[in-house]
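For reference, model-v6.cif is printed below; it contains mmCIF, C-alpha atoms.
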data_structure
#
loop_
_atom_site.label_atom_id
_atom_site.label_comp_id
_atom_site.auth_asym_id
_atom_site.auth_seq_id
_atom_site.Cartn_x
_atom_site.Cartn_y
_atom_site.Cartn_z
CA MET A 10 0.00 0.00 0.00
CA SER A 11 1.51 3.32 -1.10
CA SER A 12 1.69 6.24 1.26
CA THR A 13 1.34 9.92 0.41
CA PRO A 14 4.77 11.58 0.12
CA ARG A 15 5.54 13.90 3.01
CA VAL A 16 5.50 17.57 2.04
CA ALA A 17 8.55 19.63 3.01
CA THR A 18 7.96 22.30 5.61
CA LEU A 19 8.99 25.94 5.60
CA LYS A 20 11.28 25.20 8.55
CA GLU A 21 13.14 22.59 6.50
CA VAL A 22 13.60 25.03 3.64
CA ALA A 23 14.96 27.66 6.06
CA GLU A 24 17.33 25.21 7.74
CA ARG A 25 18.72 23.99 4.41
CA ALA A 26 19.24 27.58 3.27
CA GLY A 27 20.73 28.65 6.59
CA VAL A 28 18.26 31.46 7.20
CA HIS A 29 15.53 32.26 9.71
CA VAL A 30 12.05 30.88 9.00
CA SER A 31 10.65 34.41 8.69
CA THR A 32 13.24 35.23 6.01
CA ALA A 33 12.34 32.14 3.99
CA SER A 34 8.65 32.92 4.38
CA ARG A 35 9.08 36.50 3.16
CA VAL A 36 11.11 35.48 0.10
CA LEU A 37 8.69 32.72 -0.91
CA ARG A 38 5.57 34.84 -0.69
CA GLN A 39 6.75 38.09 -2.26
CA SER A 40 6.88 39.02 -5.96
CA GLU A 41 10.22 39.40 -7.70
CA PRO A 42 11.74 42.83 -6.95
CA ALA A 43 12.32 45.24 -9.84
CA GLY A 44 16.08 44.66 -9.57
CA GLY A 45 15.74 40.88 -9.53
CA TRP A 46 16.30 38.36 -6.74
CA SER A 47 19.36 38.63 -4.47
CA GLU A 48 21.72 35.65 -4.39
CA SER A 49 20.36 34.63 -0.98
CA ALA A 50 16.72 34.89 -2.10
CA ARG A 51 17.46 32.92 -5.27
CA ARG A 52 19.04 30.15 -3.18
CA ILE A 53 16.00 29.98 -0.89
CA ARG A 54 13.65 29.64 -3.86
CA GLU A 55 15.86 27.00 -5.51
CA ILE A 56 15.91 24.95 -2.31
CA ALA A 57 12.14 25.25 -1.96
CA ASP A 58 11.75 23.95 -5.52
CA GLU A 59 14.21 21.13 -4.89
CA LEU A 60 12.38 20.01 -1.75
CA GLY A 61 8.96 20.38 -3.40
CA TYR A 62 7.82 22.90 -0.79
CA GLN A 63 4.24 24.07 -1.28
CA PRO A 64 2.95 26.93 0.88
CA ASN A 65 -0.28 26.29 2.75
CA ARG A 66 -2.37 28.99 1.11
CA TRP A 67 -5.42 28.28 3.24
CA ALA A 68 -3.55 28.61 6.52
CA ALA A 69 -1.78 31.71 5.25
CA SER A 70 -5.04 33.34 4.22
CA LEU A 71 -6.52 32.74 7.66
CA ARG A 72 -3.44 34.25 9.27
CA THR A 73 -2.99 37.24 6.95
CA ARG A 74 -6.57 37.70 5.73
CA LYS A 75 -5.22 37.47 2.20
CA THR A 76 -6.37 34.96 -0.41
CA THR A 77 -3.30 35.18 -2.69
CA THR A 78 -5.78 35.80 -5.50
CA ILE A 79 -6.10 38.90 -7.65
CA GLY A 80 -8.92 39.85 -9.97
CA ALA A 81 -8.57 41.13 -13.52
CA VAL A 82 -11.28 42.86 -15.53
CA MET A 83 -10.19 42.80 -19.18
CA THR A 84 -12.69 43.97 -21.79
CA ARG A 85 -12.23 42.90 -25.43
CA LEU A 86 -10.16 39.83 -24.54
CA THR A 87 -10.50 38.61 -28.13
CA ASP A 88 -8.29 41.55 -29.13
CA GLY A 89 -4.70 40.32 -29.54
CA VAL A 90 -3.20 43.20 -27.57
CA VAL A 91 -5.54 42.65 -24.61
CA ALA A 92 -4.89 38.90 -24.72
CA THR A 93 -1.12 39.45 -24.70
CA THR A 94 -1.43 41.86 -21.77
CA TYR A 95 -3.44 39.27 -19.87
CA GLN A 96 -0.81 36.62 -20.64
CA GLY A 97 1.74 38.87 -18.93
CA ILE A 98 -0.62 39.26 -15.96
CA GLU A 99 -1.12 35.51 -15.60
CA GLU A 100 2.58 34.70 -15.84
CA ALA A 101 3.67 37.38 -13.37
CA ALA A 102 0.95 36.42 -10.88
CA THR A 103 1.95 32.75 -11.06
CA ARG A 104 5.60 33.60 -10.41
CA ALA A 105 4.52 35.59 -7.36
CA GLY A 106 2.43 32.70 -6.01
CA TYR A 107 -0.92 34.29 -6.86
CA SER A 108 -3.92 33.03 -8.77
CA VAL A 109 -5.92 35.25 -11.14
CA LEU A 110 -9.69 35.40 -11.38
CA LEU A 111 -10.52 36.83 -14.79
CA SER A 112 -13.70 38.52 -15.97
CA SER A 113 -13.99 39.72 -19.57
CA PRO A 114 -17.20 41.76 -19.78
CA PRO A 115 -18.40 43.77 -22.78
CA ASP A 116 -16.85 47.21 -23.12
CA ASP A 117 -19.62 49.08 -21.30
CA LEU A 118 -19.83 50.49 -17.79
CA ASP A 119 -22.75 48.44 -16.45
CA ALA A 120 -21.06 45.19 -17.45
CA GLU A 121 -17.75 46.33 -15.98
CA ARG A 122 -19.45 47.32 -12.72
CA ARG A 123 -20.99 43.86 -12.39
CA ALA A 124 -17.61 42.24 -13.09
CA ILE A 125 -15.80 44.36 -10.51
CA GLU A 126 -18.44 43.73 -7.84
CA MET A 127 -18.38 40.00 -8.57
CA LEU A 128 -14.59 39.78 -8.19
CA ALA A 129 -14.60 41.95 -5.06
CA GLY A 130 -17.18 39.57 -3.61
CA ARG A 131 -14.74 36.69 -4.16
CA GLN A 132 -12.42 38.33 -1.63
CA VAL A 133 -9.58 39.00 -4.06
CA ASP A 134 -6.59 40.83 -2.63
CA GLY A 135 -6.62 43.44 -5.39
CA LEU A 136 -8.00 44.29 -8.82
CA LEU A 137 -6.46 45.06 -12.20
CA LEU A 138 -8.87 47.13 -14.30
CA GLY A 139 -8.24 47.05 -18.03
CA GLY A 140 -11.27 48.68 -19.64
CA LEU A 141 -12.35 51.81 -17.77
CA HIS A 142 -14.15 54.60 -19.59
CA ILE A 143 -13.39 58.31 -19.45
CA PRO A 144 -14.13 59.88 -16.98
CA GLY A 145 -13.14 57.03 -14.70
CA LYS A 146 -12.99 58.78 -11.34
CA PRO A 147 -16.76 59.11 -10.70
CA PHE A 148 -17.20 55.47 -11.69
CA ILE A 149 -14.49 54.30 -9.28
CA GLU A 150 -15.89 56.43 -6.46
CA SER A 151 -19.31 54.84 -6.96
CA LEU A 152 -18.06 51.27 -6.50
CA PRO A 153 -18.87 49.49 -3.21
CA VAL A 154 -15.36 48.03 -2.85
CA ARG A 155 -14.11 49.97 0.16
CA ASP A 156 -10.29 50.08 0.25
CA LEU A 157 -9.62 47.24 -2.17
CA PRO A 158 -6.27 47.90 -3.93
CA MET A 159 -6.79 48.66 -7.62
CA VAL A 160 -4.48 49.43 -10.54
CA THR A 161 -5.61 50.49 -14.02
CA VAL A 162 -4.01 48.71 -16.96
CA THR A 163 -3.57 50.11 -20.51
CA ARG A 164 -6.40 52.66 -20.06
CA HIS A 165 -6.01 55.04 -17.12
CA ALA A 166 -9.35 56.75 -17.91
CA ASP A 167 -8.48 59.71 -15.63
CA ALA A 168 -9.56 57.45 -12.75
CA GLY A 169 -7.04 58.73 -10.23
CA LEU A 170 -5.70 55.21 -9.62
CA PRO A 171 -2.15 53.87 -10.00
CA PHE A 172 -1.68 53.11 -13.70
CA VAL A 173 0.51 50.87 -15.85
CA GLY A 174 0.41 51.24 -19.62
CA ALA A 175 2.25 52.41 -22.69
CA ASP A 176 3.43 55.96 -23.26
CA ASP A 177 0.52 56.55 -25.60
CA ARG A 178 1.02 60.27 -26.02
CA ASN A 179 4.62 59.82 -27.07
CA GLY A 180 3.50 57.11 -29.48
CA GLY A 181 1.28 59.63 -31.21
CA ILE A 182 4.19 62.06 -31.36
CA LEU A 183 6.42 59.40 -32.95
CA ALA A 184 3.76 58.64 -35.58
CA ALA A 185 3.38 62.32 -36.48
CA ARG A 186 7.12 62.98 -36.69
CA HIS A 187 7.58 59.92 -38.89
CA LEU A 188 4.94 61.07 -41.37
CA LEU A 189 6.24 64.66 -41.32
CA ASP A 190 9.82 63.46 -41.87
CA ARG A 191 8.63 61.62 -44.98
CA GLY A 192 7.12 64.81 -46.37
CA TYR A 193 3.43 64.28 -45.54
CA THR A 194 1.50 67.35 -44.41
CA ASP A 195 -2.01 66.48 -45.67
CA LEU A 196 -2.91 64.24 -42.74
CA ALA A 197 -5.78 62.64 -40.80
CA VAL A 198 -6.19 60.62 -37.61
CA ILE A 199 -8.68 57.91 -36.64
CA THR A 200 -9.02 58.22 -32.88
CA GLY A 201 -10.89 55.13 -31.69
CA PRO A 202 -13.90 55.50 -29.34
CA ALA A 203 -14.22 58.67 -27.26
CA HIS A 204 -14.35 56.71 -23.98
CA ALA A 205 -10.86 55.17 -24.39
CA SER A 206 -7.97 57.15 -22.89
CA THR A 207 -5.53 55.18 -25.07
CA GLY A 208 -6.95 56.62 -28.28
CA ARG A 209 -7.38 60.06 -26.78
CA ASP A 210 -3.77 60.23 -25.59
CA ARG A 211 -2.36 58.88 -28.87
CA THR A 212 -4.41 61.41 -30.79
CA ALA A 213 -3.34 64.24 -28.48
CA GLY A 214 0.33 63.42 -29.02
CA PHE A 215 -0.18 63.24 -32.78
CA VAL A 216 -2.01 66.55 -32.97
CA SER A 217 0.47 68.33 -30.69
CA ALA A 218 3.44 67.20 -32.81
CA LEU A 219 1.70 68.42 -35.96
CA GLU A 220 0.91 71.78 -34.37
CA SER A 221 4.55 72.15 -33.32
CA ALA A 222 5.43 71.70 -37.01
CA GLY A 223 2.82 74.26 -38.07
CA VAL A 224 0.35 71.67 -39.39
CA VAL A 225 -3.25 71.99 -38.16
CA LEU A 226 -5.82 69.25 -38.72
CA ALA A 227 -9.26 70.31 -39.91
CA PRO A 228 -12.11 68.88 -37.76
CA GLU A 229 -13.21 66.54 -40.56
CA ARG A 230 -9.73 64.98 -40.51
CA ILE A 231 -10.22 63.73 -36.93
CA VAL A 232 -12.57 60.76 -37.09
CA GLU A 233 -13.83 58.51 -34.26
CA SER A 234 -14.27 54.76 -34.68
CA SER A 235 -14.64 51.56 -32.72
CA PHE A 236 -11.44 49.58 -32.09
CA GLY A 237 -12.53 46.77 -34.42
CA VAL A 238 -11.73 46.20 -38.09
CA ASP A 239 -15.28 47.26 -39.00
CA GLY A 240 -14.70 50.59 -37.27
CA GLY A 241 -11.56 51.08 -39.33
CA VAL A 242 -13.44 50.27 -42.55
CA ALA A 243 -16.14 52.84 -41.77
CA ALA A 244 -13.70 55.56 -40.69
CA GLY A 245 -11.37 54.82 -43.58
CA ARG A 246 -14.19 55.06 -46.08
CA ALA A 247 -15.33 58.38 -44.58
CA LEU A 248 -11.83 59.83 -45.10
CA LEU A 249 -10.85 58.20 -48.38
CA ASP A 250 -14.16 58.61 -50.19
CA ALA A 251 -14.22 62.34 -49.47
CA PRO A 252 -13.81 64.87 -52.32
CA ARG A 253 -10.28 65.59 -51.06
CA PRO A 254 -8.89 62.54 -49.22
CA PRO A 255 -5.85 62.89 -46.95
CA ARG A 256 -2.39 61.90 -48.10
CA ALA A 257 -1.55 60.04 -44.86
CA ILE A 258 -3.56 58.52 -41.99
CA PHE A 259 -2.65 57.65 -38.40
CA ALA A 260 -4.93 54.96 -36.95
CA VAL A 261 -4.65 54.61 -33.17
CA SER A 262 -4.76 50.80 -33.31
CA ASP A 263 -3.55 48.21 -35.80
CA THR A 264 -7.00 46.64 -36.10
CA VAL A 265 -8.41 50.01 -37.13
CA ALA A 266 -5.55 50.39 -39.62
CA ILE A 267 -6.36 46.97 -41.12
CA GLY A 268 -9.92 48.20 -41.62
CA VAL A 269 -8.57 51.29 -43.39
CA MET A 270 -6.61 48.99 -45.71
CA GLY A 271 -9.85 47.20 -46.57
CA ALA A 272 -11.63 50.46 -47.30
CA ALA A 273 -8.74 51.60 -49.52
CA ARG A 274 -8.81 48.34 -51.45
CA ASP A 275 -12.55 48.63 -52.06
CA LEU A 276 -12.12 52.20 -53.31
CA GLY A 277 -9.22 51.31 -55.59
CA ILE A 278 -6.77 53.37 -53.52
CA ARG A 279 -3.21 52.09 -53.27
CA ILE A 280 -1.23 52.06 -50.01
CA PRO A 281 1.28 53.74 -49.77
CA ASP A 282 1.26 55.12 -53.35
CA ASP A 283 -1.98 57.05 -52.90
CA VAL A 284 -2.19 57.24 -49.11
CA ALA A 285 0.32 56.44 -46.37
CA LEU A 286 -0.86 54.60 -43.25
CA ILE A 287 0.54 53.99 -39.78
CA GLY A 288 -1.04 52.05 -36.91
CA PHE A 289 -0.36 51.41 -33.24
CA ASN A 290 0.55 48.28 -31.18
CA ASP A 291 2.49 46.10 -33.67
CA ILE A 292 0.28 43.04 -33.41
CA PRO A 293 1.90 39.99 -35.09
CA THR A 294 -0.49 40.02 -38.07
CA VAL A 295 0.57 43.40 -39.44
CA ALA A 296 4.10 42.35 -40.36
CA GLN A 297 2.67 39.56 -42.55
CA LEU A 298 0.12 41.60 -44.53
CA PRO A 299 0.56 41.87 -48.32
CA VAL A 300 1.67 45.45 -47.60
CA PRO A 301 3.27 45.28 -44.11
CA LEU A 302 2.02 48.01 -41.79
CA SER A 303 4.18 50.71 -40.25
CA THR A 304 3.17 50.98 -36.60
CA ILE A 305 4.10 52.02 -33.09
CA ARG A 306 5.17 49.03 -31.01
CA SER A 307 3.59 48.83 -27.56
CA PRO A 308 4.99 46.39 -24.93
CA ALA A 309 1.69 44.63 -24.10
CA HIS A 310 3.23 41.63 -22.30
CA ARG A 311 5.46 43.84 -20.16
CA ILE A 312 2.48 46.02 -19.30
CA GLY A 313 0.69 42.98 -17.86
CA GLU A 314 3.74 41.82 -15.89
CA THR A 315 4.46 45.27 -14.52
CA ALA A 316 0.83 45.83 -13.55
CA VAL A 317 0.88 42.73 -11.35
CA ARG A 318 4.04 43.87 -9.58
CA ARG A 319 2.56 47.30 -8.96
CA LEU A 320 -0.71 45.83 -7.65
CA LEU A 321 1.18 43.54 -5.25
CA ASP A 322 3.15 46.57 -4.05
CA LEU A 323 -0.19 48.15 -3.20
CA VAL A 324 -1.42 44.96 -1.51
CA GLU A 325 1.72 44.96 0.65
CA GLY A 326 1.17 48.57 1.67
CA ARG A 327 3.75 50.12 -0.66
CA GLU A 328 2.62 53.02 -2.82
CA PRO A 329 3.06 52.06 -6.47
CA GLU A 330 4.09 54.62 -9.04
CA THR A 331 2.30 55.25 -12.30
CA ILE A 332 4.34 53.67 -15.08
CA ARG A 333 4.21 54.47 -18.78
CA LEU A 334 6.41 52.04 -20.64
CA PRO A 335 8.28 53.26 -23.72
CA VAL A 336 7.01 52.64 -27.25
CA GLU A 337 8.96 52.55 -30.52
CA LEU A 338 8.42 53.21 -34.19
CA VAL A 339 8.42 50.21 -36.55
CA MET A 340 8.80 51.32 -40.19
CA ARG A 341 7.32 49.12 -42.89
CA ALA A 342 5.90 49.47 -46.39
CA THR A 343 2.71 51.44 -45.69
CA THR A 344 4.56 54.71 -45.15
#
Output the structure of this file as structure tokens.
Amino acid sequence: MSSTPRVATLKEVAERAGVHVSTASRVLRQSEPAGGWSESARRIREIADELGYQPNRWAASLRTRKTTTIGAVMTRLTDGVVATTYQGIEEAATRAGYSVLLSSPPDDLDAERRAIEMLAGRQVDGLLLGGLHIPGKPFIESLPVRDLPMVTVTRHADAGLPFVGADDRNGGILAARHLLDRGYTDLAVITGPAHASTGRDRTAGFVSALESAGVVLAPERIVESSFGVDGGVAAGRALLDAPRPPRAIFAVSDTVAIGVMGAARDLGIRIPDDVALIGFNDIPTVAQLPVPLSTIRSPAHRIGETAVRRLLDLVEGREPETIRLPVELVMRATT
């Protein structure tokens, strides 16, 4: 008759590593510091892995009143950028010894409210919010979640919460400077939906860079859209089927830019011969298109990883900083 293998204890891990039990406990429950693990901490974790140590999450939660679970509200999870961000969240949480409860509601406030209240009711230790609408602060203040730690991801939505995302404004500036450097001055921008701070900030950077160069966009050259391909088709058609179409377009997401390509094809307009086009995010698909898309690369996976670290800082009582990760220009055939 086989017996169940005995599980190593925290005391055994500490003794093997030559440290106090409290030191081993702290190292094994915390997330990886920004500067990486120290040699001593790395040895403790290696020994724990070697011995097969598994922390007793139930006992720890009773002692600390923490569940080692975080919640994530990620709208539009079918979008490749959102999915990649969530992958970063999941991987970073797992490394830190946390589980993730995910809710992916539609991109509207009532659905997001229900998702947040559901996750808060599951006693998560903190929340990552990936789909807030502008203005986010009144919405956050209306939530019955007391002092639950929360961090906004990708969209800050002017919510007044700690935020981790891309430097969207600078991305818009890079797009504008690239088009200006290539001689384009007859320009347009497709902004995405009005409720998304990502599109607003990218558009603001684009417009400000043009104004600094003495180029002013007419109101009809600033067009809203959804973030889907269909939104890009509709916005692209509105711009390209006009009596005087623009010579270059900045779309604030790659999916919108793909829609613009479809509209151009249907209208018999050649990219980049007749109109230049640049997107935002650098999703894998755009490098493989018949005409590869110039774009602004956004570090979606790193955003997810960094957001988890910042949320766990907040859970542990440390004040996390707002972080805008750098973006970069990727030049391809469409410009």
Discussion item. Rounded to one decimal, what separation in Å do you get between CA of Arg209 (chain A) and CA of Thr163 (chain A)?
Written reply: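 Distance between the two atoms: 12.4 Å.
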Discussion item. Please expand the PyMOL selection byres ((chain A and resi 57) around 9) into the concrete residues it hits in this file, giving the result as a list in words.
Written reply: Ala17, Leu19, Glu21, Val22, Ala23, Leu37, Arg52, Ile53, Arg54, Glu55, Ile56, Asp58, Glu59, Leu60, Gly61, Tyr62 and Gln63 of chain A
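Taking CA of Ser206 (chain A) and CA of Arg256 (chain A) as endpoints, the distance between them is 26.3 Å.
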Discussion item. One decimal, in Å: what's the spacing between CA of Met270 (chain A) and CA of Leu196 (chain A)?
Written reply: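 These two atoms are separated by 16.0 Å.
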Practice prompt. Please write as number ranges by chain the full residue list that the PyMOL selection byres ((chain A and resi 103-108) around 8) yields on this file.
Written response: A: 38-41, 77-79, 99-102, 109-110
Discussion item. Neighbouring residues of Arg230 (chain A) were defined as those with any atom within 9 Å, considering only C-alpha atoms; residues of the same chain fewer than 6 positions away were excluded. Please report them as a ChimeraX atom specification.
Written reply: /A:196-199,248,255
Writer output for current selection, C-alpha atoms, as a compact mmCIF listing (two decimals), in the coordinates of the input:
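File out_2.txt, as written:
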# COMPACT_ATOMS: atom_id res chain seq x y z
CA LEU A 196 -2.91 64.24 -42.74
CA ALA A 197 -5.78 62.64 -40.80
CA VAL A 198 -6.19 60.62 -37.61
CA ILE A 199 -8.68 57.91 -36.64
CA LEU A 248 -11.83 59.83 -45.10
CA PRO A 255 -5.85 62.89 -46.95
